[in-house]
Amino acid sequence: MIISFLLLASLTIIGTAAAMSLKNLVHCVLALTLGLVGLAGLYLQLGAQFVGFTQILVYVGAVAILAAFAIMMTRSADPTLSNATATFRTSGAVVAVVVFAVLAWAIYYGTAHQPIFTAQPEGSVGQVGLALMHHFVLPLEVIGLLLTAALIGAGILAMDEHRGNQ
Amino acid sequence: MPEIIDQIFVVIKHWFMGYVPGGIQPLASAVLSVVPVMIVFPVLFAITTVLERKGLGRMQNRYGPNRAGWFGILQPMADGVKSLTKEDIVPRTADQLVHFLAPVMLVIASFLVYAVLPIGRNMVIANLNAGVLFFFAIGSMVELSVFMAGWSSHSKYSLLGAMRAIAQMISYEMPLVLASVVVIMAAGSLSTVTIVNMQAGYTWIWPHWYVFTPWGFTGFVIFMIAATAESNRCPFDMPEGESEIIAGYYIEYSGFKFALFFLGEYLGMFATSAMAITLFLGGWAAPFSFLTWIPSYVWFFAKLLAIIFAFIWVRGTLPRLRMDQLMNFAWKFMLPLSLINIVGAGIWHFMPAGFGRWGVVSLLVALSCVLLSRGLRRNKWFHVRTYRFAT
Amino acid sequence: MSPLTGYLLLSAFLFSIGLAGALTRRNAILVLIGIELMLNAANLNFIAFWRYGPHPEALTGVMFAIFSIGVAAAEAAVGLSIILAVYRHSRTTDLDKLNSMKG
């Protein structure tokens with residue numbers, strides 16, 4: 001059990017670290033996909049089956065492809081940039097390290113001595129569906145509206161302007 | 001006696017597991033379940049290649065391959081030897097690692113989805129609680145491998161083919177998933193084993209398959225059309241149009257990697273057909289109640305071969321769709337029809353059994369089909385009338 | 001060192017990796033990818049607390065994660081189309097060059 005956690009965690013960390021530090025952008029997207037698959041494995045290990053498979057379906061199947069298409073269409077794949085990192089790189093890295101230090105301290109001192117509940121919960125898809133229709137029906141409808149608005153908005157923003165003026 | 005023949009593979013596996021020491025029993029059980037599937041489906045792929053070429057040949061009024069063995073039966077072996085011994089050419093400017101990983105990822109994704117397909121009674125590798133969701137999630141990884149193949153070859157034709165292929169696959173993935181939602185609603189579960197068990201009953205001699213209901217029939221047709229598009233087969237094979245951009249996104253692959261792409265594509269076709277059989281055609285259940293003495297896996301493979309024959313038949317008959325026709329068809333016809341089909345299935349569930357619900361749902365689905373197809377043809381509605389005068 | 005602490009530390013590490021990427025990379029698309037990573041780290045946090053906390057039958061953590069995945073996908077789509085529109089206007093995705101509102 002702990003071996004599988006360590007394997008999946010190292011896969012995720014390697015994938016995401018590579019995603020944020022490689023020079024070639026398409027390699028970054030592919031490494032991100034690897035990291036997200038590792039995360040989906042972690043969700044499955046925690047017993048949340050629906051979330052794990054939805055993560056693969058949405059992120060690997062849609063968001064990664066979307067990012068790859070955007071890299072294609074903005075010609076960012078050609079290695080013409082001199083630098084891969086921005087002007088304020090050292091302060092950015094320092095901020096990230098400080099944030100991690102604060103979070104790790106808070107986590108360790110907050111949870112290391114607390115009792116945890118280790119009973120395996122029943123997160124089956126049927127129960128998720130029932131909860132979506134009973135307690136969480138308002139967020140469900142709102143997210144439907146949100147996704148419709150995002151679909152229409154993204155389509156309009158990315159539409160070619162010259163085609164409308166024929 | 002028929003029960004033993006039906007469960008012969010399960011019995012053999014249990015007998016074998018008796019001789020395995022207790023510590024590695026889970027691993028041995030997994031290996032024993034997986035290895036037969038990994039042997040049977042590539043053999044089916046080999047048989048399908050020769051069947052397809054001979055079938056297409058006969059439809060086009062010529063013989064297919066008939067040199068390699070009796071009536072061309074050994075053609076797959078000849079093809080295998082050729083692709084194994086061909087030189088593996090990788091372009092100098094290609095991205096080596098991604099170029100290597102693209103067919104690997106395709107084949108991994110194509111093999112992984114067989115884990116949730118029930119091949120016979122009690123014969124499924126993994127009875128997942130969210131089996132259908134697993135199938136579609138892993139199936140969506142194929143698009144990423146298509147992109148990797150097209151981009152890493154560093155050639156304009158392959159990139160163009162990859163863009164078209166991904167656009168087509170993403171557009172047709174939505175009708176595919178929505179057509180299966182109807183079955184999930186009716187069966188009440190995402191587990192493939194539960195879905196097949198719900199279809200295994202009989203009233204007199206007629207089976208309870210979902211394809212024999214109006215919403216099920218529509219769902220089946222939508223699923224099959226979307227499956228043809230997902231596998232890039234004719235009439236949707238614009239991305240690999242053989243007379244236009246030669247081979248599309250796998251144009252720069254040669255030798256064994258090309259064979260892996262071929263294998264991955266055909267395995268995906270078999271997996272989607274097997275999912276259609278599980279969802280709509282009753283899985284391993286016999287078509288009439290007096291035929292249940294024939295083993296369940298025989299029925300599964302018979303249905304699979306029938307669907308493969310239908311794929312080959314359609315390939316030999318229909319012309320290729322243009323890219324904009326393809327996309328219009330997906331977004332303006334298939335998607336609204338699958339949504340209306342879901343409404344129809346809901347109406348079916350809440351109306352009392354009898355001729356009433358048959359009439360209402362059939363009318364709803366047929367009417368929307370007719371109206372949507374008329375909407376497809378009228379795409380010149382909103383153009384402003386322009387006049388051109390000869391000068 | 002309970003399992004919960006392990007998952008939370010991993011989630012904090014992923015969050016800081018995403019933050020570092022969002023703050024130091026030059027390309028706009030990579031900044032978006034960093035933001036997606038931060039959202040994913042928060043999702044892992046939710047699921048870990050659902051698993052190891054009291055009342056997992058209320059499914060609150062799972063629900064939050066599902067809606068978070070949906071919102072993140074919508075936001076990625078809109079963000080990438082904004083980047084495309086900006087690219088069409090100013091022919092670059094380099095964030096150091098996109099530092100004026102004029103034009």
# chains A, B, ... in the order shown; residues from 1 in each chain; ligands from 1

$ closest_atom_pairs --of "chain B" --to "chain A" --cutoff "7 Å" --atoms "only C-alpha atoms" --output "JSON lines"
{"residue": "B:Ala130", "atom": "CA", "partner": "A:Val125", "partner_atom": "CA", "distance": 6.7}
{"residue": "B:Leu133", "atom": "CA", "partner": "A:Phe53", "partner_atom": "CA", "distance": 6.6}
{"residue": "B:Phe134", "atom": "CA", "partner": "A:Phe53", "partner_atom": "CA", "distance": 6.0}
{"residue": "B:Ala137", "atom": "CA", "partner": "A:Leu57", "partner_atom": "CA", "distance": 4.3}
{"residue": "B:Ser140", "atom": "CA", "partner": "A:Gly61", "partner_atom": "CA", "distance": 4.9}
{"residue": "B:Met141", "atom": "CA", "partner": "A:Gly61", "partner_atom": "CA", "distance": 5.7}
{"residue": "B:Leu144", "atom": "CA", "partner": "A:Ile65", "partner_atom": "CA", "distance": 6.5}

$ interface_residues --of "chain A" --to "chain C" --cutoff "6 Å" --atoms "only C-alpha atoms" --output "MDAnalysis selection string"
chainID A and resid 20 84:86 89 92:93 96 100 112 116:118 121 150 154 157:158

$ write_last_selection --atoms "C-alpha atoms" --output "short mmCIF file (atom, residue, chain, number, x, y, z; two decimals), in the first residue's frame"
data_model
loop_
_atom_site.label_atom_id
_atom_site.label_comp_id
_atom_site.auth_asym_id
_atom_site.auth_seq_id
_atom_site.Cartn_x
_atom_site.Cartn_y
_atom_site.Cartn_z
CA MET A 20 7.19 23.15 -15.52
CA ALA A 84 12.46 29.82 -21.26
CA THR A 85 12.01 31.71 -18.01
CA ALA A 86 10.71 35.19 -17.36
CA ARG A 89 12.55 34.12 -12.13
CA GLY A 92 9.22 33.56 -8.36
CA ALA A 93 11.19 30.50 -7.29
CA ALA A 96 7.23 29.12 -4.37
CA PHE A 100 5.84 25.22 0.28
CA ALA A 112 0.73 14.61 12.53
CA ILE A 116 -7.61 9.84 11.48
CA PHE A 117 -10.57 7.75 10.42
CA THR A 118 -9.38 4.80 8.39
CA PRO A 121 -15.74 4.73 2.60
CA ALA A 150 -17.72 28.84 -21.40
CA ALA A 154 -14.48 30.27 -26.03
CA LEU A 157 -13.15 34.46 -28.69
CA ALA A 158 -11.29 32.03 -30.88
#

$ select_by_dssp --residues "stretch 63-296 of chain B" --states "strand (DSSP E or B)" --output "ChimeraX atom specification"
/B:120,123,202-203,206-207

$ atom_distance --atom1 "atom CA of B:Thr93" --atom2 "atom CA of B:Lys156"
12.5 Å

$ closest_residue --among "B:Asp95, B:Asp237, B:Glu230, B:Glu265" --to "B:Val107" --atoms "only C-alpha atoms"
B:Glu265

$ atom_distance --atom1 "atom CA of B:Trp284" --atom2 "atom CA of B:Phe300"
4.8 Å

$ residues_around --residues "B:Leu160" --least-positions-apart "6" --cutoff "9 Å" --atoms "only C-alpha atoms" --output "PyMOL selection string"
chain B and resi 150+239+245+248-249

$ write_last_selection --atoms "C-alpha atoms" --output "PDB file, in the first residue's frame"
ATOM      1  CA  GLY B 150       1.446  13.598 -36.085  1.00  0.00           C
ATOM      2  CA  PRO B 239      -7.584  11.669 -41.834  1.00  0.00           C
ATOM      3  CA  ILE B 245      -2.555  12.513 -47.990  1.00  0.00           C
ATOM      4  CA  GLY B 248      -2.145  10.928 -42.730  1.00  0.00           C
ATOM      5  CA  TYR B 249      -0.634  11.033 -39.297  1.00  0.00           C
TER       6      TYR B 249
END

$ select_by_dssp --residues "stretch 20-99 of chain A" --states "helix (DSSP H, G or I)" --output "PyMOL selection string"
chain A and resi 20-21+25-45+49-73+89-99

$ closest_residue --among "B:Tyr250, B:Leu279, B:Leu159, B:Ser180" --to "A:Met73" --atoms "only C-alpha atoms"
B:Leu159

$ residues_around --residues "stretch 36-39 of chain B" --least-positions-apart "3" --cutoff "9 Å" --atoms "only C-alpha atoms" --output "list in words"
Val31, Leu32, Ser33, Pro42, Val43, Leu44, Phe111, Tyr114, Ala115 and Ile125 of chain B

$ write_last_selection --atoms "C-alpha atoms" --output "PDB file, in the first residue's frame"
ATOM      1  CA  VAL B  31      -2.048 -13.100 -15.466  1.00  0.00           C
ATOM      2  CA  LEU B  32      -4.287 -16.085 -16.204  1.00  0.00           C
ATOM      3  CA  SER B  33      -7.184 -13.774 -17.021  1.00  0.00           C
ATOM      4  CA  PRO B  42      -4.450 -10.065 -32.024  1.00  0.00           C
ATOM      5  CA  VAL B  43      -5.252 -13.407 -33.718  1.00  0.00           C
ATOM      6  CA  LEU B  44      -8.677 -11.971 -34.524  1.00  0.00           C
ATOM      7  CA  PHE B 111      -5.338  -3.235 -24.966  1.00  0.00           C
ATOM      8  CA  TYR B 114     -10.492  -4.979 -22.889  1.00  0.00           C
ATOM      9  CA  ALA B 115     -10.385  -5.270 -19.122  1.00  0.00           C
ATOM     10  CA  ILE B 125     -11.121  -9.531 -16.404  1.00  0.00           C
TER      11      ILE B 125
END

$ atom_distance --atom1 "atom CA of B:Ala68" --atom2 "atom CA of B:Leu51"
13.5 Å

$ residues_around --residues "stretch 161-178 of chain B" --least-positions-apart "3" --cutoff "8 Å" --atoms "only C-alpha atoms" --output "ChimeraX atom specification"
/B:136,143,146-147,149-151,157-158,181-182,222-223,226-227,229-230,232,238-240,245,248-249,323,326-327,330-331,334-335,338-339,342

$ decode --residues "stretch 32-78 of chain C" --atoms "C-alpha atoms" --output "compact mmCIF listing (two decimals), in the first residue's frame"
# COMPACT_ATOMS: atom_id res chain seq x y z
CA LEU C 32 -2.12 28.37 -17.60
CA ILE C 33 -0.77 24.86 -17.20
CA GLY C 34 0.70 25.89 -13.86
CA ILE C 35 -2.69 27.16 -12.74
CA GLU C 36 -4.26 23.85 -13.77
CA LEU C 37 -1.67 22.06 -11.66
CA MET C 38 -2.56 24.17 -8.64
CA LEU C 39 -6.22 23.28 -9.07
CA ASN C 40 -5.33 19.60 -9.28
CA ALA C 41 -3.28 19.82 -6.10
CA ALA C 42 -6.29 21.30 -4.30
CA ASN C 43 -8.45 18.45 -5.64
CA LEU C 44 -6.05 15.90 -4.16
CA ASN C 45 -6.35 17.72 -0.87
CA PHE C 46 -10.14 17.43 -0.94
CA ILE C 47 -10.14 13.74 -1.76
CA ALA C 48 -7.56 12.97 0.92
CA PHE C 49 -9.65 14.71 3.55
CA TRP C 50 -12.77 12.94 2.33
CA ARG C 51 -11.08 9.60 2.70
CA TYR C 52 -9.48 10.13 6.08
CA GLY C 53 -11.93 12.47 7.71
CA PRO C 54 -15.21 12.01 9.60
CA HIS C 55 -18.48 11.46 7.70
CA PRO C 56 -17.19 10.23 4.33
CA GLU C 57 -20.74 9.08 3.50
CA ALA C 58 -21.75 12.70 2.92
CA LEU C 59 -19.52 12.61 -0.21
CA THR C 60 -18.68 16.30 0.16
CA GLY C 61 -15.04 15.93 -0.87
CA VAL C 62 -15.89 13.89 -3.96
CA MET C 63 -18.55 16.39 -5.02
CA PHE C 64 -16.21 19.31 -4.61
CA ALA C 65 -13.53 17.58 -6.64
CA ILE C 66 -15.99 16.74 -9.46
CA PHE C 67 -17.22 20.31 -9.72
CA SER C 68 -13.68 21.61 -9.46
CA ILE C 69 -12.62 19.43 -12.42
CA GLY C 70 -15.54 20.76 -14.44
CA VAL C 71 -14.82 24.39 -13.65
CA ALA C 72 -11.10 23.94 -14.30
CA ALA C 73 -11.78 22.46 -17.73
CA ALA C 74 -14.08 25.37 -18.62
CA GLU C 75 -11.51 27.87 -17.39
CA ALA C 76 -8.73 26.21 -19.40
CA ALA C 77 -10.84 26.42 -22.54
CA VAL C 78 -11.66 30.09 -22.07
